[in-house]
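Here is the file data-v6.cif (mmCIF, C-alpha atoms).
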```cif
data_start
#
loop_
_atom_site.label_atom_id
_atom_site.label_comp_id
_atom_site.auth_asym_id
_atom_site.auth_seq_id
_atom_site.Cartn_x
_atom_site.Cartn_y
_atom_site.Cartn_z
CA MET A 1 68.61 238.79 78.84
CA ILE A 2 67.79 241.14 75.97
CA ILE A 3 68.34 240.42 72.28
CA ALA A 4 71.10 242.61 70.83
CA LYS A 5 70.99 241.05 67.35
CA VAL A 6 69.08 238.25 65.64
CA VAL A 7 71.56 236.13 63.67
CA ASN A 8 69.03 233.56 62.44
CA ASN A 9 66.04 231.60 63.74
CA ASN A 10 68.26 229.66 66.16
CA ILE A 11 70.97 232.16 67.16
CA VAL A 12 70.85 235.61 68.77
CA THR A 13 73.38 237.77 70.58
CA SER A 14 73.09 239.58 73.89
CA PHE A 15 75.30 241.20 76.55
CA ASP A 16 75.96 240.16 80.13
CA SER A 17 76.15 242.44 83.18
CA ASN A 18 79.79 243.25 82.32
CA ASN A 19 78.80 244.30 78.79
CA CYS A 20 80.51 241.22 77.30
CA GLU A 21 78.88 239.90 74.15
CA LEU A 22 77.18 236.51 74.33
CA VAL A 23 76.23 234.22 71.46
CA ILE A 24 73.04 232.42 72.47
CA MET A 25 71.71 229.34 70.72
CA GLY A 26 68.36 227.58 70.93
CA ARG A 27 65.84 226.14 68.52
CA GLY A 28 63.56 228.93 67.34
CA ILE A 29 65.12 231.44 69.74
CA GLY A 30 65.33 234.14 67.06
CA PHE A 31 62.19 233.31 65.10
CA ALA A 32 60.03 236.43 64.58
CA LYS A 33 62.10 238.25 67.22
CA LYS A 34 63.54 241.75 67.18
CA ARG A 35 66.34 243.60 68.90
CA GLY A 36 65.38 244.67 72.41
CA GLU A 37 63.02 241.77 73.11
CA VAL A 38 63.52 239.52 76.13
CA ILE A 39 65.05 236.09 75.52
CA PRO A 40 62.88 233.38 77.15
CA ASP A 41 65.06 231.32 79.50
CA GLU A 42 63.40 228.08 78.40
CA LYS A 43 64.56 228.70 74.82
CA ILE A 44 68.25 228.93 75.73
CA GLU A 45 70.17 225.75 74.92
CA LYS A 46 73.75 227.02 74.80
CA ILE A 47 75.60 230.24 75.58
CA PHE A 48 78.97 230.90 73.95
CA ARG A 49 81.07 233.47 75.74
CA LEU A 50 84.39 234.06 73.94
CA GLU A 51 86.99 236.42 75.28
CA ASN A 52 86.88 239.17 72.70
CA GLU A 53 84.63 240.77 70.10
CA GLU A 54 86.68 239.57 67.14
CA ARG A 55 86.35 235.91 68.13
CA ASN A 56 82.66 236.33 68.82
CA SER A 57 82.22 237.80 65.35
CA LYS A 58 84.13 234.90 63.80
CA LEU A 59 82.03 232.40 65.73
CA ILE A 60 78.80 234.02 64.55
CA GLU A 61 80.05 234.00 60.95
CA ILE A 62 80.94 230.30 61.26
CA ILE A 63 77.76 229.02 62.90
CA LYS A 64 75.11 231.17 61.27
CA ASP A 65 74.68 228.76 58.33
CA ILE A 66 75.40 225.49 60.19
CA PRO A 67 72.48 223.22 61.17
CA LEU A 68 71.70 223.37 64.87
CA GLU A 69 72.19 219.63 65.39
CA HIS A 70 75.71 219.85 63.93
CA ILE A 71 76.57 222.64 66.38
CA HIS A 72 75.14 220.60 69.27
CA ALA A 73 77.24 217.57 68.30
CA ALA A 74 80.42 219.66 67.98
CA ASP A 75 79.72 221.30 71.35
CA GLN A 76 79.36 217.87 72.99
CA ILE A 77 82.69 216.85 71.48
CA ILE A 78 84.39 219.98 72.81
CA THR A 79 82.84 219.49 76.26
CA TYR A 80 84.14 215.92 76.35
CA ALA A 81 87.59 216.95 75.08
CA LYS A 82 87.83 219.59 77.81
CA SER A 83 86.99 216.98 80.43
CA VAL A 84 89.94 214.79 79.40
CA LEU A 85 92.45 217.33 78.07
CA GLY A 86 91.74 219.99 80.68
CA ASP A 87 92.81 223.60 80.47
CA LYS A 88 95.22 222.92 77.61
CA LEU A 89 92.40 223.53 75.12
CA LYS A 90 92.10 227.19 74.16
CA GLU A 91 88.71 228.68 73.31
CA THR A 92 89.77 228.88 69.65
CA ILE A 93 88.69 225.22 69.49
CA TYR A 94 85.11 226.50 69.06
CA LEU A 95 86.11 228.44 65.94
CA SER A 96 87.94 225.57 64.28
CA LEU A 97 86.16 222.40 65.36
CA ILE A 98 82.52 223.43 64.82
CA ASP A 99 83.36 224.32 61.23
CA HIS A 100 85.40 221.14 60.76
CA ILE A 101 82.66 218.87 62.14
CA ASN A 102 80.09 220.45 59.84
CA CYS A 103 82.37 219.99 56.82
CA ALA A 104 83.16 216.39 57.83
CA ILE A 105 79.43 215.62 58.03
CA GLU A 106 78.82 217.13 54.60
CA ARG A 107 81.74 215.14 53.14
CA LEU A 108 80.42 211.89 54.60
CA LYS A 109 76.91 212.53 53.28
CA ASN A 110 78.37 213.15 49.82
CA ASN A 111 80.59 210.04 49.98
CA ILE A 112 83.79 212.10 49.92
CA SER A 113 86.54 210.53 52.00
CA PHE A 114 90.15 211.46 52.77
CA SER A 115 92.82 209.14 54.10
CA ASN A 116 94.87 210.58 56.95
CA PRO A 117 98.60 210.37 56.16
CA LEU A 118 99.47 211.35 59.76
CA LEU A 119 97.20 208.83 61.48
CA TRP A 120 100.02 206.65 62.85
CA GLU A 121 102.09 209.60 64.09
CA THR A 122 99.07 211.24 65.70
CA LYS A 123 98.08 208.01 67.43
CA GLN A 124 101.66 207.35 68.54
CA TYR A 125 102.66 210.79 69.83
CA TYR A 126 99.29 212.26 70.86
CA PRO A 127 97.48 209.32 72.50
CA ASP A 128 95.21 211.48 74.69
CA GLU A 129 94.14 213.68 71.80
CA PHE A 130 93.64 210.66 69.56
CA ARG A 131 91.50 208.89 72.16
CA ALA A 132 89.41 212.07 72.41
CA GLY A 133 89.12 211.96 68.62
CA VAL A 134 87.87 208.37 68.74
CA GLN A 135 85.31 209.30 71.39
CA SER A 136 84.25 212.18 69.13
CA LEU A 137 83.28 209.65 66.46
CA LEU A 138 81.13 207.80 69.01
CA ILE A 139 79.39 211.08 69.91
CA LEU A 140 78.68 211.78 66.23
CA LYS A 141 77.29 208.28 65.78
CA LYS A 142 75.06 208.60 68.85
CA GLU A 143 73.81 212.13 68.11
CA LEU A 144 73.54 212.04 64.32
CA GLY A 145 73.60 208.37 63.39
CA LEU A 146 76.72 208.86 61.27
CA LYS A 147 79.64 206.43 61.22
CA PHE A 148 83.02 207.93 60.36
CA PRO A 149 86.25 206.09 59.50
CA VAL A 150 89.06 206.16 62.07
CA ASP A 151 90.99 208.63 59.87
CA GLU A 152 88.51 211.28 61.02
CA ALA A 153 89.51 210.69 64.66
CA GLY A 154 93.03 211.71 63.64
CA PHE A 155 91.79 214.85 61.89
CA ILE A 156 89.75 215.86 64.95
CA ALA A 157 92.79 215.18 67.18
CA LEU A 158 94.79 217.63 65.05
CA HIS A 159 92.28 220.35 65.91
CA PHE A 160 92.77 219.58 69.60
CA ILE A 161 96.55 219.80 69.08
CA THR A 162 96.22 223.12 67.24
CA SER A 163 94.21 224.53 70.13
CA GLU A 164 96.54 223.17 72.83
CA TYR A 165 99.72 224.49 71.28
CA ASP A 166 98.03 227.66 69.99
CA THR A 167 99.43 227.12 66.51
CA SER A 168 98.11 227.19 62.98
CA MET A 169 96.75 223.99 61.44
CA LYS A 170 99.78 223.92 59.12
CA VAL A 171 102.11 223.74 62.14
CA SER A 172 99.94 221.08 63.78
CA LEU A 173 100.13 219.00 60.60
CA ASP A 174 103.93 219.30 60.65
CA ILE A 175 104.49 218.49 64.35
CA PRO A 176 103.77 214.69 64.25
CA LYS A 177 106.07 214.28 61.24
CA PHE A 178 108.68 216.47 62.95
CA VAL A 179 108.56 214.30 66.11
CA ASN A 180 108.83 211.13 64.05
CA ASN A 181 111.88 212.48 62.23
CA VAL A 182 113.59 213.31 65.54
CA VAL A 183 112.86 209.85 66.98
CA SER A 184 114.21 208.24 63.78
CA VAL A 185 117.51 210.11 64.17
CA VAL A 186 117.78 209.03 67.83
CA ASP A 187 117.14 205.40 66.79
CA GLU A 188 119.84 205.73 64.15
CA TYR A 189 122.44 207.04 66.63
CA PHE A 190 121.42 204.75 69.50
CA PRO A 191 120.01 201.51 68.02
CA ASN A 192 118.13 199.39 70.60
CA ARG A 193 119.01 201.82 73.39
CA VAL A 194 115.68 203.60 73.81
CA ASP A 195 112.82 202.07 75.79
CA LYS A 196 109.78 203.57 74.09
CA GLN A 197 107.50 202.31 76.85
CA SER A 198 109.34 204.23 79.57
CA ILE A 199 108.27 207.42 81.30
CA HIS A 200 111.57 208.97 80.13
CA PHE A 201 110.61 208.45 76.49
CA GLU A 202 107.15 209.88 77.14
CA ARG A 203 108.75 213.01 78.64
CA PHE A 204 111.18 213.15 75.71
CA VAL A 205 108.32 213.14 73.20
CA THR A 206 106.56 215.88 75.19
CA HIS A 207 109.71 218.01 75.00
CA ILE A 208 110.05 217.35 71.26
CA LYS A 209 106.44 218.40 70.62
CA PHE A 210 107.04 221.77 72.29
CA PHE A 211 110.44 221.99 70.58
CA ALA A 212 108.73 221.38 67.23
CA ALA A 213 106.09 224.03 67.92
CA ARG A 214 108.80 226.58 68.79
CA VAL A 215 110.96 225.77 65.77
CA LEU A 216 108.10 225.71 63.26
CA GLN A 217 106.79 229.04 64.57
CA VAL A 218 110.29 230.57 64.71
CA LYS A 219 110.07 231.06 68.48
CA GLN A 220 113.17 229.23 69.67
CA ILE A 221 114.69 229.65 73.12
CA PRO A 222 117.09 232.62 72.92
CA GLU A 223 120.74 231.95 73.67
CA ASP A 224 122.00 233.10 77.06
CA ASP A 225 125.48 233.87 78.39
CA ASP A 226 125.99 230.58 80.23
CA PHE A 227 128.92 229.47 78.09
CA LEU A 228 130.30 227.14 80.78
CA PHE A 229 127.02 225.23 81.05
CA ARG A 230 126.83 224.70 77.29
CA THR A 231 130.45 223.62 77.16
CA MET A 232 129.97 221.17 80.03
CA ILE A 233 126.93 219.56 78.36
CA ARG A 234 128.73 219.21 75.03
CA GLU A 235 131.75 217.60 76.70
CA GLN A 236 130.04 215.34 79.24
CA TYR A 237 127.30 214.17 76.86
CA SER A 238 129.37 214.16 73.68
CA ASP A 239 127.54 211.20 72.05
CA ASP A 240 124.16 212.73 72.84
CA TYR A 241 125.33 216.08 71.50
CA GLN A 242 126.38 214.45 68.23
CA CYS A 243 122.88 212.99 67.99
CA ALA A 244 121.44 216.47 68.58
CA LEU A 245 123.62 217.77 65.75
CA GLY A 246 122.23 214.98 63.56
CA ILE A 247 118.72 216.16 64.42
CA LYS A 248 119.72 219.72 63.62
CA LYS A 249 120.98 218.61 60.21
CA ALA A 250 117.76 216.68 59.49
CA ILE A 251 115.59 219.64 60.47
CA GLN A 252 117.61 222.03 58.33
CA ALA A 253 117.29 219.68 55.36
CA GLU A 254 113.54 219.23 55.82
CA TYR A 255 112.44 222.73 56.85
CA ASP A 256 115.38 225.02 56.03
CA ILE A 257 115.38 226.26 59.64
CA GLN A 258 118.47 226.91 61.75
CA ILE A 259 118.46 225.50 65.30
CA SER A 260 119.95 227.65 68.06
CA GLU A 261 122.74 226.36 70.29
CA GLU A 262 120.48 226.82 73.31
CA GLU A 263 117.90 224.47 71.81
CA LEU A 264 120.65 221.99 70.95
CA VAL A 265 121.89 221.92 74.54
CA TYR A 266 118.42 221.26 75.97
CA LEU A 267 117.84 218.64 73.28
CA THR A 268 121.12 216.97 74.28
CA VAL A 269 120.03 216.74 77.92
CA HIS A 270 116.74 215.12 76.95
CA ILE A 271 118.48 212.67 74.61
CA HIS A 272 120.85 211.68 77.42
CA ARG A 273 117.93 210.88 79.74
CA ILE A 274 116.49 208.30 77.34
CA THR A 275 119.83 206.74 76.34
CA MET A 276 121.46 206.39 79.77
#
```
How would this structure read if it were set down as structure tokens?
Amino acid sequence: MIIAKVVNNNIVTSFDSNNCELVIMGRGIGFAKKRGEVIPDEKIEKIFRLENEERNSKLIEIIKDIPLEHIHAADQIITYAKSVLGDKLKETIYLSLIDHINCAIERLKNNISFSNPLLWETKQYYPDEFRAGVQSLLILKKELGLKFPVDEAGFIALHFITSEYDTSMKVSLDIPKFVNNVVSVVDEYFPNRVDKQSIHFERFVTHIKFFAARVLQVKQIPEDDDFLFRTMIREQYSDDYQCALGIKKAIQAEYDIQISEEELVYLTVHIHRITM
């Protein structure tokens, strides 16, 4: 491969056979190098290949001033997260998490700590992401000798959630609280009726997470013309529908967002499944 641009001593860019830009990392890979020179294969430690030029430019801007060992640690975390979370993680995780890990390391070294107000909700409703966050702390301890509090596992999990649902961090911060509010309303309408260890509840929470992402991004399911179906659900599952209306009221009070009738009907069906 040929150097297209030297970013710093440890990062250069190049192009593959399809003329797609590559961000190439390796200790000393750019030292005393110029555009047009060959990149020694033995110097290459990591190749980032993002899907478009804008994201590549953002990645370069993010990593150009970050110590190489911090980037390595973040890359190991992302590799592990992909192995357990699968294809749900979008490539935007590279843009957000590398920067976050670097900032978290700098905070820890300067004895600056933040408590995580969403730790319980994240652990409760995103167990896979939270476990990946905990493993991330073990990777940071192994690679850099740094011990982070468990709150940081929750913060890292939120970056995984942001990538999975392709949302902004603000939306990701709101989703756990949103889910908790919905579950609280269901508990209020159906005390002691919901088995929170059941597969039905797990599926319900999954639906609510996607429901929350749609509502908070103003991307609700559009209403269709199936009036009979909506009427049948409201009549047959009247108690569950009243609970859905209670959720609608709580969401409007908290976020000033109107919930469509189509979303209410689907919400009613999911409520019925966990309260049968």
Give me, please, the distance in Å between atom CA of A:Leu119 and atom CA of A:Asn192, quoted to one decimal.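 About the pair atom CA of A:Leu119 and atom CA of A:Asn192: they are 24.7 Å apart.
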Which residues, written as a JSON list (two decimals) with C-alpha atoms, in the frame of the given file, have at least one atom at most 6 Å from stretch 155-168 of chain A, with only C-alpha atoms counted and residues fewer than 6 positions away on the same chain left out?
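Written output follows (part_31.json):
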```json
[["chain", "number", "residue", "atom", "x", "y", "z"],
["A", 88, "LYS", "CA", 95.22, 222.92, 77.61],
["A", 89, "LEU", "CA", 92.40, 223.53, 75.12],
["A", 90, "LYS", "CA", 92.10, 227.19, 74.16],
["A", 93, "ILE", "CA", 88.69, 225.22, 69.49],
["A", 129, "GLU", "CA", 94.14, 213.68, 71.80],
["A", 130, "PHE", "CA", 93.64, 210.66, 69.56],
["A", 133, "GLY", "CA", 89.12, 211.96, 68.62]]
```
Could you jot down the atom CA of A:Gly246 to atom CA of A:Leu264 separation for me, Å, one decimal place? 10.3 Å
Would you work out the distance separating atom CA of A:Ser136 from atom CA of A:Ile71, expressed in Å to one decimal? 13.3 Å
At most 10 Å from (94.8, 210.3, 55.3), file frame, only C-alpha atoms: which residues, as a list of chain:residue names?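 Counting only C-alpha atoms, I find these residues within 10 Å of (94.8, 210.3, 55.3): A:Ser113, A:Phe114, A:Ser115, A:Asn116, A:Pro117, A:Leu118, A:Leu119, A:Trp120, A:Val150, A:Asp151, A:Glu152, A:Gly154, A:Phe155.
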Mind checking which residues fall within 10 Å of A:Val84, counting only C-alpha atoms, ignoring those fewer than 6 positions away in the same chain, and posting them as number ranges by chain? A: 128-129, 131-132
Matched chain/residue IDs from the PyMOL selection byres ((chain A and resi 140) around 12), as a ChimeraX atom specification: /A:69-78,101-102,104-105,108,133-139,141-149,152-153,156
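Minimum distance to A:Tyr241 across A:Thr122, A:Ser198, A:Asn52, A:Thr268 (counting all atoms listed in the file) occurs at A:Thr268.
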Can you spell out as a count of residues only the set of residues that the PyMOL selection byres ((chain A and resi 21) around 12) selects in the structure I just provided? 30
Pick out the residues sitting within 9 Å of A:His200, and hand them over as a ChimeraX atom specification; count only C-alpha atoms, and ignore anything fewer than 5 positions along from it in its own chain. /A:195,205,270,273-274
Which residue, A:Ile271, A:Val38, A:Ile112, A:Ile63, has the smallest gap to A:Ser238 when you use all atoms listed in the file? A:Ile271
Taking the file as I've supplied it (selection: the PyMOL selection byres ((chain A and resi 208-212) around 9)), which residues are included? Please answer as a list of chain:residue names. A:Tyr125, A:Tyr165, A:Val171, A:Asp174, A:Ile175, A:Pro176, A:Phe178, A:Val179, A:Val182, A:Arg203, A:Phe204, A:Val205, A:Thr206, A:His207, A:Ala213, A:Arg214, A:Val215, A:Leu216, A:Gln217, A:Gln220, A:Glu263, A:Leu267
I need the chosen residues saved as a PDB file, in the frame of the given file, with C-alpha atoms.
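This went into result38.pdb:
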```pdb
ATOM      1  CA  TYR A 125     102.660 210.790  69.830  1.00  0.00           C
ATOM      2  CA  TYR A 165      99.720 224.490  71.280  1.00  0.00           C
ATOM      3  CA  VAL A 171     102.110 223.740  62.140  1.00  0.00           C
ATOM      4  CA  ASP A 174     103.930 219.300  60.650  1.00  0.00           C
ATOM      5  CA  ILE A 175     104.490 218.490  64.350  1.00  0.00           C
ATOM      6  CA  PRO A 176     103.770 214.690  64.250  1.00  0.00           C
ATOM      7  CA  PHE A 178     108.680 216.470  62.950  1.00  0.00           C
ATOM      8  CA  VAL A 179     108.560 214.300  66.110  1.00  0.00           C
ATOM      9  CA  VAL A 182     113.590 213.310  65.540  1.00  0.00           C
ATOM     10  CA  ARG A 203     108.750 213.010  78.640  1.00  0.00           C
ATOM     11  CA  PHE A 204     111.180 213.150  75.710  1.00  0.00           C
ATOM     12  CA  VAL A 205     108.320 213.140  73.200  1.00  0.00           C
ATOM     13  CA  THR A 206     106.560 215.880  75.190  1.00  0.00           C
ATOM     14  CA  HIS A 207     109.710 218.010  75.000  1.00  0.00           C
ATOM     15  CA  ALA A 213     106.090 224.030  67.920  1.00  0.00           C
ATOM     16  CA  ARG A 214     108.800 226.580  68.790  1.00  0.00           C
ATOM     17  CA  VAL A 215     110.960 225.770  65.770  1.00  0.00           C
ATOM     18  CA  LEU A 216     108.100 225.710  63.260  1.00  0.00           C
ATOM     19  CA  GLN A 217     106.790 229.040  64.570  1.00  0.00           C
ATOM     20  CA  GLN A 220     113.170 229.230  69.670  1.00  0.00           C
ATOM     21  CA  GLU A 263     117.900 224.470  71.810  1.00  0.00           C
ATOM     22  CA  LEU A 267     117.840 218.640  73.280  1.00  0.00           C
TER      23      LEU A 267
END
```
Check the smallest atom-to-atom distance from each of A:Val7, A:Ala253, A:Ala81, A:Ile44 to A:Ala32 using only C-alpha atoms, then report the winner. A:Val7
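Each of A:Val265, A:Met169, A:Asn111, A:Glu37 was compared to A:Leu97 using all atoms listed in the file, and A:Met169 turns out to be the nearest.
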C-alpha atoms of stretch 149-230 of chain A from block above, as a compact mmCIF listing (two decimals), in the first residue's frame:
```
# COMPACT_ATOMS: atom_id res chain seq x y z
CA PRO A 149 -15.47 2.11 38.87
CA VAL A 150 -18.49 0.11 37.71
CA ASP A 151 -20.25 3.36 36.73
CA GLU A 152 -17.92 3.48 33.72
CA ALA A 153 -19.23 0.10 32.52
CA GLY A 154 -22.66 1.74 32.32
CA PHE A 155 -21.30 4.70 30.36
CA ILE A 156 -19.56 2.39 27.88
CA ALA A 157 -22.76 0.33 27.56
CA LEU A 158 -24.61 3.52 26.56
CA HIS A 159 -22.21 3.93 23.63
CA PHE A 160 -23.02 0.37 22.54
CA ILE A 161 -26.74 1.20 22.80
CA THR A 162 -26.28 4.39 20.79
CA SER A 163 -24.55 2.43 18.05
CA GLU A 164 -27.10 -0.42 18.04
CA TYR A 165 -30.14 1.80 17.81
CA ASP A 166 -28.39 4.35 15.58
CA THR A 167 -29.47 7.21 17.82
CA SER A 168 -27.84 10.23 19.40
CA MET A 169 -26.32 9.90 22.87
CA LYS A 170 -29.13 12.10 24.21
CA VAL A 171 -31.71 9.56 23.03
CA SER A 172 -29.66 6.67 24.44
CA LEU A 173 -29.55 8.43 27.81
CA ASP A 174 -33.34 8.81 27.73
CA ILE A 175 -34.22 5.24 26.67
CA PRO A 176 -33.44 3.42 29.99
CA LYS A 177 -35.46 5.99 31.94
CA PHE A 178 -38.24 5.76 29.34
CA VAL A 179 -38.38 1.95 29.69
CA ASN A 180 -38.42 2.21 33.48
CA ASN A 181 -41.31 4.67 33.34
CA VAL A 182 -43.32 2.31 31.10
CA VAL A 183 -42.67 -0.68 33.39
CA SER A 184 -43.72 1.41 36.41
CA VAL A 185 -47.06 2.22 34.77
CA VAL A 186 -47.64 -1.47 33.95
CA ASP A 187 -46.86 -2.38 37.58
CA GLU A 188 -49.33 0.26 38.73
CA TYR A 189 -52.15 -1.06 36.52
CA PHE A 190 -51.36 -4.75 37.08
CA PRO A 191 -49.78 -5.15 40.54
CA ASN A 192 -48.12 -8.56 41.04
CA ARG A 193 -49.27 -9.73 37.61
CA VAL A 194 -46.01 -9.47 35.68
CA ASP A 195 -43.31 -12.15 35.90
CA LYS A 196 -40.16 -10.15 35.25
CA GLN A 197 -38.11 -13.32 34.88
CA SER A 198 -40.21 -14.62 31.99
CA ILE A 199 -39.33 -14.65 28.31
CA HIS A 200 -42.53 -12.64 27.70
CA PHE A 201 -41.25 -9.79 29.87
CA GLU A 202 -37.88 -9.91 28.12
CA ARG A 203 -39.65 -9.57 24.75
CA PHE A 204 -41.81 -6.78 26.17
CA VAL A 205 -38.74 -4.80 27.25
CA THR A 206 -37.19 -5.32 23.80
CA HIS A 207 -40.35 -3.89 22.21
CA ILE A 208 -40.35 -0.93 24.61
CA LYS A 209 -36.71 -0.13 23.81
CA PHE A 210 -37.49 0.11 20.09
CA PHE A 211 -40.73 1.94 20.91
CA ALA A 212 -38.73 4.44 22.98
CA ALA A 213 -36.19 4.94 20.19
CA ARG A 214 -38.99 5.63 17.69
CA VAL A 215 -40.87 8.01 19.98
CA LEU A 216 -37.81 9.96 21.09
CA GLN A 217 -36.65 10.36 17.48
CA VAL A 218 -40.17 11.23 16.26
CA LYS A 219 -40.29 8.17 14.00
CA GLN A 220 -43.46 6.46 15.18
CA ILE A 221 -45.28 3.77 13.23
CA PRO A 222 -47.70 5.57 10.86
CA GLU A 223 -51.39 4.85 11.27
CA ASP A 224 -52.96 2.55 8.70
CA ASP A 225 -56.54 2.02 7.57
CA ASP A 226 -57.18 -1.15 9.57
CA PHE A 227 -59.89 0.37 11.73
CA LEU A 228 -61.48 -3.01 12.54
CA PHE A 229 -58.21 -4.41 13.90
CA ARG A 230 -57.68 -1.41 16.17
```
